[in-house]
>>> print(open('work.txt').read())   # compact mmCIF, C-alpha atoms and all ligand atoms
# COMPACT_ATOMS: atom_id res chain seq x y z
CA MET A 1 -7.78 -52.26 33.84
CA PRO A 2 -8.18 -48.83 32.27
CA LYS A 3 -7.46 -48.59 28.61
CA LYS A 4 -4.22 -46.91 27.73
CA HIS A 5 -4.71 -44.43 24.97
CA TYR A 6 -1.29 -42.92 25.18
CA ARG A 7 0.68 -45.89 23.97
CA LYS A 8 2.15 -44.84 20.70
CA SER A 9 1.77 -47.28 17.94
CA HIS A 10 4.66 -47.00 15.55
CA LYS A 11 2.74 -48.68 12.83
CA VAL A 12 -0.11 -46.15 13.00
CA GLN A 13 2.41 -43.31 12.93
CA GLN A 14 4.16 -44.83 9.98
CA ILE A 15 0.91 -45.10 8.05
CA ALA A 16 0.07 -41.51 8.97
CA LYS A 17 3.49 -40.36 7.75
CA ALA A 18 3.02 -42.21 4.48
CA ARG A 19 -0.37 -40.55 4.05
CA ILE A 20 1.13 -37.12 4.70
CA ASN A 21 3.83 -37.71 2.08
CA PHE A 22 1.22 -38.97 -0.33
CA LEU A 23 -0.92 -35.86 0.21
CA PHE A 24 2.00 -33.51 -0.39
CA GLN A 25 2.91 -35.45 -3.51
CA HIS A 26 -0.65 -35.04 -4.76
CA ALA A 27 -0.75 -31.39 -3.81
CA LYS A 28 2.25 -30.89 -6.08
CA GLU A 29 0.66 -32.77 -8.95
CA VAL A 30 -2.67 -30.98 -8.91
CA PHE A 31 -1.28 -27.50 -8.25
CA LYS A 32 -1.08 -26.51 -11.92
CA GLU A 33 -4.69 -27.39 -12.53
CA ASP A 34 -6.29 -26.64 -9.21
CA SER A 35 -4.27 -24.83 -6.55
CA LYS A 36 -7.27 -24.82 -4.20
CA LEU A 37 -7.20 -28.59 -4.19
CA SER A 38 -3.52 -28.44 -3.21
CA ASP A 39 -4.45 -26.23 -0.27
CA LYS A 40 -7.06 -28.76 0.73
CA TYR A 41 -4.48 -31.55 0.66
CA VAL A 42 -2.18 -29.49 2.88
CA LYS A 43 -5.07 -28.99 5.30
CA ILE A 44 -5.73 -32.73 5.47
CA ALA A 45 -2.03 -33.52 5.84
CA ARG A 46 -1.71 -31.02 8.70
CA ARG A 47 -4.74 -32.51 10.40
CA ILE A 48 -3.25 -36.00 10.20
CA ALA A 49 0.07 -34.71 11.54
CA MET A 50 -1.65 -33.01 14.48
CA LYS A 51 -3.82 -35.98 15.27
CA HIS A 52 -0.86 -38.35 15.39
CA LYS A 53 1.52 -35.76 16.83
CA ILE A 54 3.85 -36.07 13.90
CA LYS A 55 6.39 -33.34 13.33
CA LEU A 56 6.56 -32.26 9.75
CA GLY A 57 10.13 -32.26 8.54
CA SER A 58 11.79 -29.11 7.27
CA SER A 59 11.34 -30.21 3.67
CA LEU A 60 7.58 -30.45 4.14
CA LYS A 61 7.35 -27.29 6.21
CA LYS A 62 8.77 -25.31 3.31
CA ARG A 63 5.99 -26.50 1.09
CA PHE A 64 3.14 -24.65 2.73
CA CYS A 65 2.62 -21.28 4.36
CA LYS A 66 2.57 -21.46 8.12
CA HIS A 67 0.28 -18.44 8.28
CA CYS A 68 -2.41 -19.15 5.70
CA HIS A 69 -1.56 -22.84 5.12
CA LYS A 70 -1.55 -22.57 1.38
CA TYR A 71 0.54 -24.90 -0.70
CA LEU A 72 3.58 -22.94 -1.85
CA VAL A 73 5.43 -23.20 -5.12
CA PRO A 74 8.53 -20.98 -5.34
CA GLY A 75 8.23 -18.55 -8.20
CA VAL A 76 4.48 -19.04 -8.46
CA ASN A 77 2.88 -18.04 -5.18
CA CYS A 78 5.94 -17.44 -3.03
CA ARG A 79 9.30 -15.77 -3.33
CA VAL A 80 12.46 -17.30 -1.95
CA ARG A 81 15.49 -15.29 -0.89
CA ILE A 82 18.62 -16.19 0.98
CA HIS A 83 19.53 -13.79 3.75
CA LYS A 84 22.13 -14.34 6.49
CA HIS A 85 22.24 -18.09 5.91
CA ARG A 86 18.50 -18.34 6.08
CA LEU A 87 15.92 -19.08 3.47
CA ILE A 88 13.27 -16.39 3.53
CA TYR A 89 9.97 -17.44 2.07
CA TYR A 90 7.53 -14.70 1.27
CA CYS A 91 3.98 -15.87 0.82
CA LEU A 92 2.27 -13.86 -1.91
CA SER A 93 -1.23 -14.68 -0.78
CA CYS A 94 -1.03 -13.56 2.87
CA LYS A 95 2.10 -11.34 2.59
CA HIS A 96 3.90 -12.99 5.46
CA TYR A 97 7.49 -14.12 5.76
CA MET A 98 8.81 -17.44 6.95
CA ARG A 99 12.39 -18.15 7.84
CA HIS A 100 14.08 -21.49 7.44
CA PRO A 101 17.64 -22.17 8.51
CA VAL A 102 19.99 -23.45 5.80
CA LYS A 103 22.03 -26.45 6.74
ZN ZN B 201 0.51 -17.37 3.47
>>> encode(input="work.txt", output="structure tokens", more="lines below")
Ligand SMILES: [Zn+2]
Amino acid sequence: MPKKHYRKSHKVQQIAKARINFLFQHAKEVFKEDSKLSDKYVKIARRIAMKHKIKLGSSLKKRFCKHCHKYLVPGVNCRVRIHKHRLIYYCLSCKHYMRHPVK
């Protein structure tokens, strides 16, 4: 019998999700003191998400730049505008825009 690697374990995914949330929480906490550490947490969280094929929810997606993957704090390193029912995030470090639909 060949081993099945594709069977998704819900428990593993749940743990991975919890770790991602934990990392984002930490990224927020350390941002004031060390923003580079926040970026590192985002990097780890993204790696976990990719490894376990977890989709990051819209609330988490808004918290980092999809171009340079830096942790974003509105008013600090990104600007937020509302345009045509969309949230426009402008990353100040890589000068790129991201659009998020508003529900
Ligand atoms: Zn960026």
>>> closest_residue(input="work.txt", among="A:Val73, A:Leu37, A:Leu87, A:Ala49", to="ligand ZN 201 (chain B)", atoms="only C-alpha atoms and all ligand atoms")
A:Val73
>>> residues_around(input="work.txt", residues="Lys103 in chain A", least_positions_apart="2", cutoff="10 Å", atoms="only C-alpha atoms", output="list of chain:residue names")
A:His85, A:Arg86, A:His100, A:Pro101
>>> residues_near_ligand(input="work.txt", ligand="ligand ZN 201 (chain B)", cutoff="8 Å", atoms="all atoms listed in the file", output="PDB file with C-alpha atoms, in the frame of the given file")
ATOM      1  CA  PHE A  64       3.140 -24.650   2.730  1.00  0.00           C
ATOM      2  CA  CYS A  65       2.620 -21.280   4.360  1.00  0.00           C
ATOM      3  CA  LYS A  66       2.570 -21.460   8.120  1.00  0.00           C
ATOM      4  CA  HIS A  67       0.280 -18.440   8.280  1.00  0.00           C
ATOM      5  CA  CYS A  68      -2.410 -19.150   5.700  1.00  0.00           C
ATOM      6  CA  HIS A  69      -1.560 -22.840   5.120  1.00  0.00           C
ATOM      7  CA  LYS A  70      -1.550 -22.570   1.380  1.00  0.00           C
ATOM      8  CA  TYR A  90       7.530 -14.700   1.270  1.00  0.00           C
ATOM      9  CA  CYS A  91       3.980 -15.870   0.820  1.00  0.00           C
ATOM     10  CA  LEU A  92       2.270 -13.860  -1.910  1.00  0.00           C
ATOM     11  CA  SER A  93      -1.230 -14.680  -0.780  1.00  0.00           C
ATOM     12  CA  CYS A  94      -1.030 -13.560   2.870  1.00  0.00           C
ATOM     13  CA  LYS A  95       2.100 -11.340   2.590  1.00  0.00           C
ATOM     14  CA  HIS A  96       3.900 -12.990   5.460  1.00  0.00           C
TER      15      HIS A  96
END
>>> atom_distance(input="work.txt", atom1="CA of Ile48 in chain A", atom2="CA of Gly75 in chain A")
27.8 Å
>>> closest_residue(input="work.txt", among="A:Lys62, A:Asp34, A:Arg46, A:His52", to="Ala16 in chain A", atoms="all atoms listed in the file")
A:His52
>>> atom_distance(input="work.txt", atom1="CA of Arg99 in chain A", atom2="CA of Leu56 in chain A")
15.4 Å
>>> axis_aligned_box(input="work.txt", around="range 62-70 of chain A", padding_each_side="8 Å", output="AutoDock Vina command-line options")
--center_x 3.2 --center_y -22.5 --center_z 4.7 --size_x 27.2 --size_y 24.1 --size_z 23.2
>>> residues_around(input="work.txt", residues="Lys28 in chain A", least_positions_apart="3", cutoff="9 Å", atoms="all atoms listed in the file", output="list in words")
Leu23, Phe24, Gln25, Phe31, Lys32, Ser35, Ser38, Tyr71 and Val73 of chain A
>>> closest_residue(input="work.txt", among="A:Val76, A:Ile44, A:Lys11, A:Asn21", to="Leu60 in chain A", atoms="all atoms listed in the file")
A:Asn21
>>> closest_residue(input="work.txt", among="A:Ile20, A:Ile54, A:Met98, A:Ala27", to="Arg81 in chain A", atoms="only C-alpha atoms")
A:Met98
>>> atom_distance(input="work.txt", atom1="CA of Tyr41 in chain A", atom2="CA of Tyr89 in chain A")
20.2 Å
